[in-house]
Amino acid sequence: MKYAGRLAAVAVVGALSLAACGTDNNTPGGGTTSASAPAAGNDNGLSGTIQSAGSSAQANAITEWTKNFTATNPGVTINYQPSGSGAGVQSFIQGTVAFAGSDSALKEDEAPQADARCKTGKAINIPMVTGPVAVVYNLPGVDGLQLSPKTLAGIFNSKITKWDDAAIKAENPNAKLPATPIQAFHRSDESGTSDNFTKFLKATGGWPYEPAKAWPAEAKGQGSKGSDGISSSVKDTEGAISYVELSYAENSQLQKAKVANGANEFVELTPESAAKTVETAEIKGTGNDLALSIDYATKTPGAYPIVLVTYEITCEKGLAAEESKVVKSFLTYTASDEGQAALKELGYAPLAGTLLTKVRSAVEAIS
């Protein structure tokens, strides 16, 4: 696959040099005034080092963007640590990173702290990557597994413990399901992927716990750290099931289940089927804060219901001048046609339409 091996590259993302996107239409701060957001151009002379951290779900995207961006802009270093969404947000609040990657927008209790960190402005959530969440499993001889939200909730709440359970049989009448014990893995670290997955279960499957970045201890199961840890655990454990971003699922060549949407249609996960769900998302933020509300019970035909949107969280105003220029330039590139086109090859779904236009406007407002 084109992205094979990129998981390993994530660990050295920090060593790669990035530089600001420069085009004929760029402002001195690196933002473009063009609605079509052109791709990276020649070196515009910016220099400096930017620290960033957060979502491991977007780490493959950061790796690819880093490679492409540094090819034409060698003057700036951006260190990205894929420490998880929760850790990234806390690092941003503490002022140790210029932007954080997070698989969920700032919470009500986080937003005031993030605003305070920005001092002269507000913190904004800018959606940049659509990361479809795959339900992955390791069950030799069982392809095309179909699972409803209710059945998934039962599995991850340790109520359904065998692969030949009646609920799974009912949704897979033609499959030869073994009596193998189910080994359900969840993220052991705070994760926006867990937050989105439990939001989906709560909204559609009768999940009895409040959605959160931290997995509820009452649900039990086995924990693995990070998206790469989940992928390895499922790959190495017969009878395993978990949830992980599509890019990691495909990179590890894991089996992916079809998941029922709000119309009780079992849908295969592809970038296109995930994009149909994001297209119906409602913007709940105001101004240039583009926090989204995902309809996990979407009835749109062919829409895969479990998606997360990875945000770049930064200050609309309030970063140090040099930091602001570099962050704005980098995000101008990631939101460009070239930057978004690179995502599909990695197993992500590119942004499009009105939402992408709003993202570009939000990036342009950074100062």
# chains A, B, ... in the order shown; residues from 1 in each chain; ligands from 1
call {"tool": "residues_around", "arguments": {"residues": "region 92-104 of chain A", "least_positions_apart": "6", "cutoff": "6 Å", "atoms": "only C-alpha atoms", "output": "PyMOL selection string"}}
result
chain A and resi 51-55+85+114+117+192+309-314
call {"tool": "select_by_dssp", "arguments": {"residues": "region 80-322 of chain A", "states": "strand (DSSP E or B)", "output": "PyMOL selection string"}}
result
chain A and resi 80-81+99-102+123-137+146-147+162+181+183-187+222-224+240-245+255-256+258-260+266-267+282-283+292-293+307-315
call {"tool": "residues_around", "arguments": {"residues": "Asn196 (chain A)", "least_positions_apart": "6", "cutoff": "9 Å", "atoms": "only C-alpha atoms", "output": "ChimeraX atom specification"}}
result
/A:103-104,133,211-213,306-309
call {"tool": "write_last_selection", "arguments": {"atoms": "C-alpha atoms", "output": "PDB file, in the first residue's frame"}}
result
ATOM      1  CA  ASP A 103     -10.046  13.799  17.866  1.00  0.00           C
ATOM      2  CA  SER A 104     -12.723  15.809  19.655  1.00  0.00           C
ATOM      3  CA  VAL A 133     -13.166   4.617  12.803  1.00  0.00           C
ATOM      4  CA  PRO A 211     -18.869   9.185  26.458  1.00  0.00           C
ATOM      5  CA  ALA A 212     -15.330  10.156  27.402  1.00  0.00           C
ATOM      6  CA  LYS A 213     -11.729  10.111  26.235  1.00  0.00           C
ATOM      7  CA  ILE A 306     -18.556   5.897  13.018  1.00  0.00           C
ATOM      8  CA  VAL A 307     -16.363   8.818  12.078  1.00  0.00           C
ATOM      9  CA  LEU A 308     -14.166  11.188  13.970  1.00  0.00           C
ATOM     10  CA  VAL A 309     -12.936  14.559  12.869  1.00  0.00           C
TER      11      VAL A 309
END
call {"tool": "closest_residue", "arguments": {"among": "A:Glu245, A:Glu210, A:Glu268, A:Asp236", "to": "Asp143 (chain A)", "atoms": "only C-alpha atoms"}}
result
A:Glu268
call {"tool": "select_by_dssp", "arguments": {"residues": "region 80-190 of chain A", "states": "alpha helix (DSSP H)", "output": "PyMOL selection string"}}
result
chain A and resi 85-93+111-118+149-156+166-171
call {"tool": "write_last_selection", "arguments": {"atoms": "N, CA, C and O atoms", "output": "compact mmCIF listing (two decimals), in the first residue's frame"}}
result
# COMPACT_ATOMS: atom_id res chain seq x y z
N SER A 85 -4.92 12.57 22.16
CA SER A 85 -5.69 13.81 22.17
C SER A 85 -5.70 14.50 23.53
O SER A 85 -5.51 15.71 23.64
N GLY A 86 -5.94 13.71 24.59
CA GLY A 86 -6.01 14.30 25.92
C GLY A 86 -4.72 14.97 26.32
O GLY A 86 -4.72 16.11 26.83
N ALA A 87 -3.60 14.30 26.07
CA ALA A 87 -2.30 14.87 26.41
C ALA A 87 -2.01 16.10 25.56
O ALA A 87 -1.43 17.09 26.05
N GLY A 88 -2.41 16.05 24.29
CA GLY A 88 -2.17 17.20 23.42
C GLY A 88 -2.92 18.44 23.85
O GLY A 88 -2.38 19.55 23.87
N VAL A 89 -4.18 18.27 24.23
CA VAL A 89 -4.99 19.40 24.70
C VAL A 89 -4.39 19.99 25.97
O VAL A 89 -4.28 21.21 26.12
N GLN A 90 -3.97 19.14 26.88
CA GLN A 90 -3.36 19.63 28.12
C GLN A 90 -2.05 20.37 27.83
O GLN A 90 -1.75 21.39 28.46
N SER A 91 -1.28 19.88 26.89
CA SER A 91 -0.04 20.57 26.52
C SER A 91 -0.34 21.95 25.94
O SER A 91 0.39 22.92 26.21
N PHE A 92 -1.41 22.03 25.15
CA PHE A 92 -1.79 23.33 24.59
C PHE A 92 -2.23 24.29 25.70
O PHE A 92 -1.81 25.45 25.73
N ILE A 93 -3.05 23.81 26.61
CA ILE A 93 -3.52 24.65 27.72
C ILE A 93 -2.34 25.14 28.55
O ILE A 93 -2.31 26.30 29.00
N ALA A 111 -12.40 24.64 27.39
CA ALA A 111 -12.40 25.84 26.56
C ALA A 111 -11.94 27.09 27.31
O ALA A 111 -11.12 27.86 26.79
N PRO A 112 -12.44 27.37 28.54
CA PRO A 112 -11.97 28.57 29.25
C PRO A 112 -10.47 28.54 29.53
O PRO A 112 -9.79 29.58 29.45
N GLN A 113 -9.94 27.37 29.84
CA GLN A 113 -8.51 27.25 30.09
C GLN A 113 -7.71 27.50 28.81
O GLN A 113 -6.66 28.13 28.83
N ALA A 114 -8.22 26.99 27.69
CA ALA A 114 -7.55 27.19 26.42
C ALA A 114 -7.60 28.65 26.01
O ALA A 114 -6.62 29.20 25.49
N ASP A 115 -8.74 29.31 26.26
CA ASP A 115 -8.86 30.75 25.96
C ASP A 115 -7.86 31.55 26.80
O ASP A 115 -7.22 32.49 26.30
N ALA A 116 -7.72 31.17 28.06
CA ALA A 116 -6.78 31.86 28.95
C ALA A 116 -5.35 31.70 28.45
O ALA A 116 -4.53 32.62 28.54
N ARG A 117 -5.03 30.54 27.90
CA ARG A 117 -3.69 30.31 27.35
C ARG A 117 -3.43 31.24 26.17
O ARG A 117 -2.30 31.69 25.94
N CYS A 118 -4.48 31.55 25.40
CA CYS A 118 -4.32 32.41 24.24
C CYS A 118 -4.22 33.90 24.61
O CYS A 118 -3.83 34.71 23.77
N PRO A 149 -25.05 -1.37 16.19
CA PRO A 149 -24.60 -0.62 17.37
C PRO A 149 -24.94 -1.32 18.68
O PRO A 149 -24.12 -1.34 19.61
N LYS A 150 -26.13 -1.91 18.76
CA LYS A 150 -26.53 -2.59 20.00
C LYS A 150 -25.62 -3.78 20.30
O LYS A 150 -25.21 -3.99 21.46
N THR A 151 -25.30 -4.54 19.27
CA THR A 151 -24.41 -5.69 19.47
C THR A 151 -23.00 -5.22 19.85
O THR A 151 -22.36 -5.80 20.73
N LEU A 152 -22.53 -4.18 19.21
CA LEU A 152 -21.22 -3.63 19.56
C LEU A 152 -21.19 -3.17 21.02
O LEU A 152 -20.20 -3.41 21.74
N ALA A 153 -22.25 -2.52 21.45
CA ALA A 153 -22.31 -2.06 22.84
C ALA A 153 -22.24 -3.26 23.79
O ALA A 153 -21.57 -3.20 24.83
N GLY A 154 -22.93 -4.35 23.44
CA GLY A 154 -22.89 -5.54 24.27
C GLY A 154 -21.52 -6.17 24.32
O GLY A 154 -21.05 -6.62 25.37
N ILE A 155 -20.83 -6.17 23.19
CA ILE A 155 -19.48 -6.73 23.14
C ILE A 155 -18.51 -5.91 24.00
O ILE A 155 -17.76 -6.45 24.82
N PHE A 156 -18.53 -4.59 23.82
CA PHE A 156 -17.55 -3.75 24.51
C PHE A 156 -17.93 -3.48 25.97
O PHE A 156 -17.11 -2.97 26.73
N ALA A 166 -25.91 -15.47 20.15
CA ALA A 166 -27.12 -15.39 19.32
C ALA A 166 -27.26 -14.04 18.63
O ALA A 166 -27.73 -13.97 17.48
N ALA A 167 -26.88 -12.97 19.31
CA ALA A 167 -27.01 -11.64 18.71
C ALA A 167 -26.11 -11.50 17.49
O ALA A 167 -26.51 -10.91 16.46
N ILE A 168 -24.89 -12.02 17.55
CA ILE A 168 -23.98 -11.95 16.41
C ILE A 168 -24.46 -12.88 15.29
O ILE A 168 -24.40 -12.53 14.11
N LYS A 169 -24.97 -14.06 15.67
CA LYS A 169 -25.50 -15.00 14.67
C LYS A 169 -26.66 -14.38 13.88
O LYS A 169 -26.76 -14.55 12.66
N ALA A 170 -27.53 -13.67 14.59
CA ALA A 170 -28.70 -13.09 13.94
C ALA A 170 -28.30 -12.07 12.87
O ALA A 170 -29.01 -11.91 11.87
N GLU A 171 -27.19 -11.39 13.08
CA GLU A 171 -26.75 -10.37 12.13
C GLU A 171 -25.82 -10.94 11.06
O GLU A 171 -25.50 -10.24 10.09
call {"tool": "residues_around", "arguments": {"residues": "Thr277 (chain A)", "least_positions_apart": "5", "cutoff": "7 Å", "atoms": "only C-alpha atoms", "output": "MDAnalysis selection string"}}
result
chainID A and resid 298 303:305
